[in-house]
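For reference, the structure is listed below as structure tokens.
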Amino acid sequence: MSMTATRGRAIALTVALATGPLALVPATASTAAPRAGAAAAAEPGPGTNYAIDDPFTSDRTSWFRADRFGMFIHFGAYSNLEGEYTRPNGTVCRNAEWIMRECAIPKGEYEKQAATFNPKDFDAKAIVAAAKSAGQKYIVITAKHHDGYAMWPTKQNNWNLRDHSSFDKNRDILAELKQAADAEGIKLGLYYSIWDWHDPDFPNADTFPKYKQRMYGQLKELIDNYDPALLWFDGEWDTDRPTNRWHARDGEELESYLRDLDPNLVINNRVNKRRVTDGDYGTPEQEIPKAPEDGQLWESCMTINGTWGYARHDTNWKSGTELTRNLLNTSSRSGNYLLNVGPDKLGRVPAPSTAALKEMGDWLGRSGQGAAVYKAGFPGVVSQPDWGVVSRSGNDLYASVYKWPGAGKQLHLRATTGFKVDSARVLGSDQKVTVTKAGDGYDITPAGDATNPTATVIKLSITPAAPAAEGHGTGLKAEIFDNDQLSGSPKVTRTDPTINYAWRFRGSPAENIPADHFGTRWTGTIEPRYSEKYQFATVSDDTVRVWVDGKLLIDHTTPHGPSVDKGTIDLQAGRKYSIKVEHTERTGEAYMKLLWSSPNTPQQVVPKSQLSPN
Ligand code: FHN
């Protein structure tokens, strides 16, 4: 885990309950005290860097980047209505997990129906078995959705499955799921909605801090009692009915608090404001980005029919082929696929869901085809074809062919850099595969038929260009100014191992540098390991410029919010090129990350080993 200059761990010892200028209020013991054994540290302030590592390469996120495929579970008091509400006038209103709001169910009536909720058939072992049969490696279940109903015996209120239902008061479904998941080596994640339609303190600016204290208390309960590997936040966006007062300052505080409670947590970007700078990964929903996301890991969440929560009327089930190809498309772009199931009011997963999941698992488990997904990602050395998708794992390419060419016909792959194909074979078939260099890449000619209608996988073992030896760099020279013009003499001169900074509102590059109006110039040399085209990407706020080999690759000097900027340059392995990076912060939040990627270099924060201060 590469650590940059950090002023102790940025944590919230007291809960900052701010929606405007930070106002600290005494926290109750149940909300803010870090877990036993966690190091108490100073309040965040100048010198704080909230970036704890590079999610693209850290041990902390390695399971998430390898597992690729998870099960989402939307289950709550809304499930008890099964997607339909009959209004007093006899008309029927249909929805799913938004039914309380979208069908304008009076609070009292919603509470009354929730009191009858009795998911007596919720079977954690069966759910985990369904996930395993699908090849899903982690599960994320709604602990609390927008209706505020907690699916565990929270002590923060009595609006929960233990205190407000007809369910067995000796049962705890999150504990049951945690135990079943642990027994099968499945990671457990918990979904938590910030937006809360039920808590009376949520919509009112004066009482929102009280809501936040209960929220912090609930999150500490979830971490202490269920030890989740991942927290999936939602409900962070600006909205009304009720007014959502969640501000980026709140997200800064919350993420810092959680990382102090559990430094191993993986957290999505909806903990703050769903930006490239928030949490560990982006969360496209009901869509699959066309390429790897710049600046952040990502996970696409999708329904298996049309609704997240169970809805009796929604029988629009996606096919196993569509779902499997979604997964392959996601993996080929270095993303994760979080596929949802919505248990019914008794806690049962609908049969069409488990059937589609099993179809996916059968495909993944057949002939080693899962290797195209697990630990696989963007290929880099070839462009994506129109006949399917290609993913890469180490020096193996997995061409998942959707449109089989027919015996003897070619599939063309465009190479983006030089590499050799050492062998090629169709998984699950002993048919001959011929590979010939052709034009801008290779022609692949399978002799036989497709092995299945979903995707036939051709495994190509390759030898990429040999990388130059890993550098022995120590980082870049950093000159830090207490002004945003980089004028005068730097207040601080040091060596920064990487450029991986999230100063947010309260942090800054050093304790004697204020949280606003500062700037940094990094200089030195950079050493690529491959001779190919490199893409440099910055995540910055407020301004950034990057020169490599004297060429201005990135020039975004109009003050901006969290933004990604990119530039490319051809580099030769083993050579040292001059690099200069300039960042300035006016006011508000501040970020500066420098990443690179190339056909053989997966996207990452430029590592210390390849940077030298002179
Ligand atoms: O409003 C929620 C919705 O109910 C569902 O939970 C999805 C799943 O990601 N998230 C929100 C919509 O973006």
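Here, A, B, ... name the chains of the structure tokens in the order displayed, residue numbers run from 1 inside each chain, and ligands are numbered from 1 in the same displayed order.
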Residue list (helix (DSSP H, G or I), DSSP) for segment 176-300 of chain A, as a PyMOL selection string: chain A and resi 176-183+208-226+248-261+269-271
Ligand 1: which residues are within 10 Å, counting only C-alpha atoms and all ligand atoms, as number ranges by chain? A: 72-75, 96-99, 142, 144-147, 191-193, 195, 232-237, 270, 283-286, 300-303, 307-309, 338, 340
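For the choices A:Lys169, A:Arg214, A:Arg504, A:Arg60, the atom-to-atom distance to Asn157 of chain A is smallest for A:Arg214 when using only C-alpha atoms.
Closest to Leu265 of chain A among A:Pro55, A:Pro446, A:Gly439, A:Gly282 is A:Pro55, based on only C-alpha atoms.
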Contacts of Gly574 of chain A at 9 Å (only C-alpha atoms; same-chain gap of 4+ positions) as a ChimeraX atom specification: /A:467-471,527-531
For the selection you just gave me, I'd like the residues written to a file as an mmCIF file, in the first residue's frame, keeping N, CA and C atoms.
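Here's the written file again06.cif:
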```cif
data_model
loop_
_atom_site.group_PDB
_atom_site.id
_atom_site.type_symbol
_atom_site.label_atom_id
_atom_site.label_comp_id
_atom_site.auth_asym_id
_atom_site.auth_seq_id
_atom_site.Cartn_x
_atom_site.Cartn_y
_atom_site.Cartn_z
ATOM 1 N N PRO A 467 9.331 -6.052 -20.756
ATOM 2 C CA PRO A 467 9.397 -4.748 -20.078
ATOM 3 C C PRO A 467 10.824 -4.444 -19.638
ATOM 4 N N ALA A 468 11.128 -3.175 -19.547
ATOM 5 C CA ALA A 468 12.398 -2.776 -18.945
ATOM 6 C C ALA A 468 12.326 -3.126 -17.458
ATOM 7 N N ALA A 469 13.479 -3.322 -16.856
ATOM 8 C CA ALA A 469 13.501 -3.665 -15.414
ATOM 9 C C ALA A 469 12.784 -2.562 -14.625
ATOM 10 N N GLU A 470 12.181 -2.961 -13.517
ATOM 11 C CA GLU A 470 11.494 -1.988 -12.666
ATOM 12 C C GLU A 470 12.490 -0.946 -12.181
ATOM 13 N N GLY A 471 12.052 0.299 -12.166
ATOM 14 C CA GLY A 471 12.939 1.389 -11.764
ATOM 15 C C GLY A 471 13.241 1.354 -10.268
ATOM 16 N N GLU A 527 10.097 7.058 -15.932
ATOM 17 C CA GLU A 527 10.754 5.976 -16.660
ATOM 18 C C GLU A 527 9.731 4.904 -17.053
ATOM 19 N N PRO A 528 9.321 4.887 -18.319
ATOM 20 C CA PRO A 528 8.338 3.880 -18.751
ATOM 21 C C PRO A 528 8.977 2.506 -18.817
ATOM 22 N N ARG A 529 8.186 1.446 -18.677
ATOM 23 C CA ARG A 529 8.763 0.098 -18.744
ATOM 24 C C ARG A 529 8.524 -0.543 -20.109
ATOM 25 N N TYR A 530 7.618 0.074 -20.899
ATOM 26 C CA TYR A 530 7.352 -0.469 -22.234
ATOM 27 C C TYR A 530 7.554 0.615 -23.282
ATOM 28 N N SER A 531 7.911 0.218 -24.462
ATOM 29 C CA SER A 531 8.019 1.176 -25.577
ATOM 30 C C SER A 531 6.691 1.191 -26.307
#
```
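Taking only C-alpha atoms into account, Gln369 of chain A lies nearest to A:Val426 out of the set A:Phe69, A:Val426, A:Gly567, A:Ala407.
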Contact residues around Arg101 of chain A with only C-alpha atoms at 12 Å, ignoring same-chain residues under 5 positions, as a PyMOL selection string: chain A and resi 78+85+93-96+106-107+110+146-147+196-198+240-242
If DSSP is run on the backbone, what residues of segment 333-482 of chain A are strand (DSSP E)? A reply as a ChimeraX atom specification would be ideal. /A:336-341,388-393,396-401,411-414,419-426,433-438,441-446,456-464,476-481
